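*Asks:* I'd like to ask some things about the structure below.
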Amino acid sequence: MILNTKFPLLNGLGANPALPHEMARRLLRHPVGCRSVARSYAGIDAELRSLILESGELSALGELASSPRTPTAVRWRLAAHEDHGVRSACMLARRK
């Protein structure tokens with residue numbers, strides 16, 4: 001995991017289990033916040049996953065693909081992604 005040192009607070013916000021859902025939605029507007037929510041937000045749901053998929057932010061898609069909490073249907077969608085890194089993250093997640 002590579003943490004962004006330019007925006008360290010955004011990394012921590014996504015990992016906060018008490019983060020309100022609306023704040024998580026706002027974090028998705030920033031690439032680092034989007035990756036942080038995809039990686040570790042405990043309240044992630046279908047709506048947030050959909051917004052992450054729509055964002056096209058490759059680092060966030062990779063985090064989502066490698067997360068054990070990602071549903072199989074979303075993982076299949078990510079496995080068909082055009083970016084090799086996102087597809088690889090799907091494969092690596094299965095080995096964990």
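In the structure tokens, chains take letters A, B, ... by order of appearance, with residues numbered from 1 within each chain and ligands from 1 in the order shown.
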At a cut-off of 12 Å, using only C-alpha atoms, what residues contact stretch 75-90 of chain A? Leave out same-chain residues fewer than 2 positions from it and give the result as a VMD selection string.

*Replies:* chain A and resid 49 to 50 52 to 54 56 to 73 92 to 96

*Asks:* Skip A:Phe7 itself and residues of its chain fewer than 5 positions away, then list as a PyMOL selection string all residues within 10 Å of it, counting only C-alpha atoms.

*Replies:* chain A and resi 12+32-33

*Asks:* Create the file for the chosen residues now, containing C-alpha atoms and written as an mmCIF file, in the first residue's frame.

*Replies:*
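Writing the result to out-v4.cif gives the following:
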data_model
loop_
_atom_site.group_PDB
_atom_site.id
_atom_site.type_symbol
_atom_site.label_atom_id
_atom_site.label_comp_id
_atom_site.auth_asym_id
_atom_site.auth_seq_id
_atom_site.Cartn_x
_atom_site.Cartn_y
_atom_site.Cartn_z
ATOM 1 C CA GLY A 12 -7.051 8.700 7.498
ATOM 2 C CA VAL A 32 -6.699 10.307 -2.726
ATOM 3 C CA GLY A 33 -10.022 10.385 -0.887
#

*Asks:* Apply DSSP to the backbone of this structure and, from stretch 8-89 of chain A, keep only the residues in alpha helix (DSSP H); write these as a PyMOL selection string.

*Replies:* chain A and resi 8-15+21-27+31-40+46-55+58-66+72-79+84-89

*Asks:* Please provide the set of residues having any atom within 12 Å of A:Tyr41, restricted to only C-alpha atoms, with same-chain residues fewer than 4 positions apart removed, written as a ChimeraX atom specification.

*Replies:* /A:10-21,23-25,27-28,33-37,45,48-49,60,63-64,67,69-70
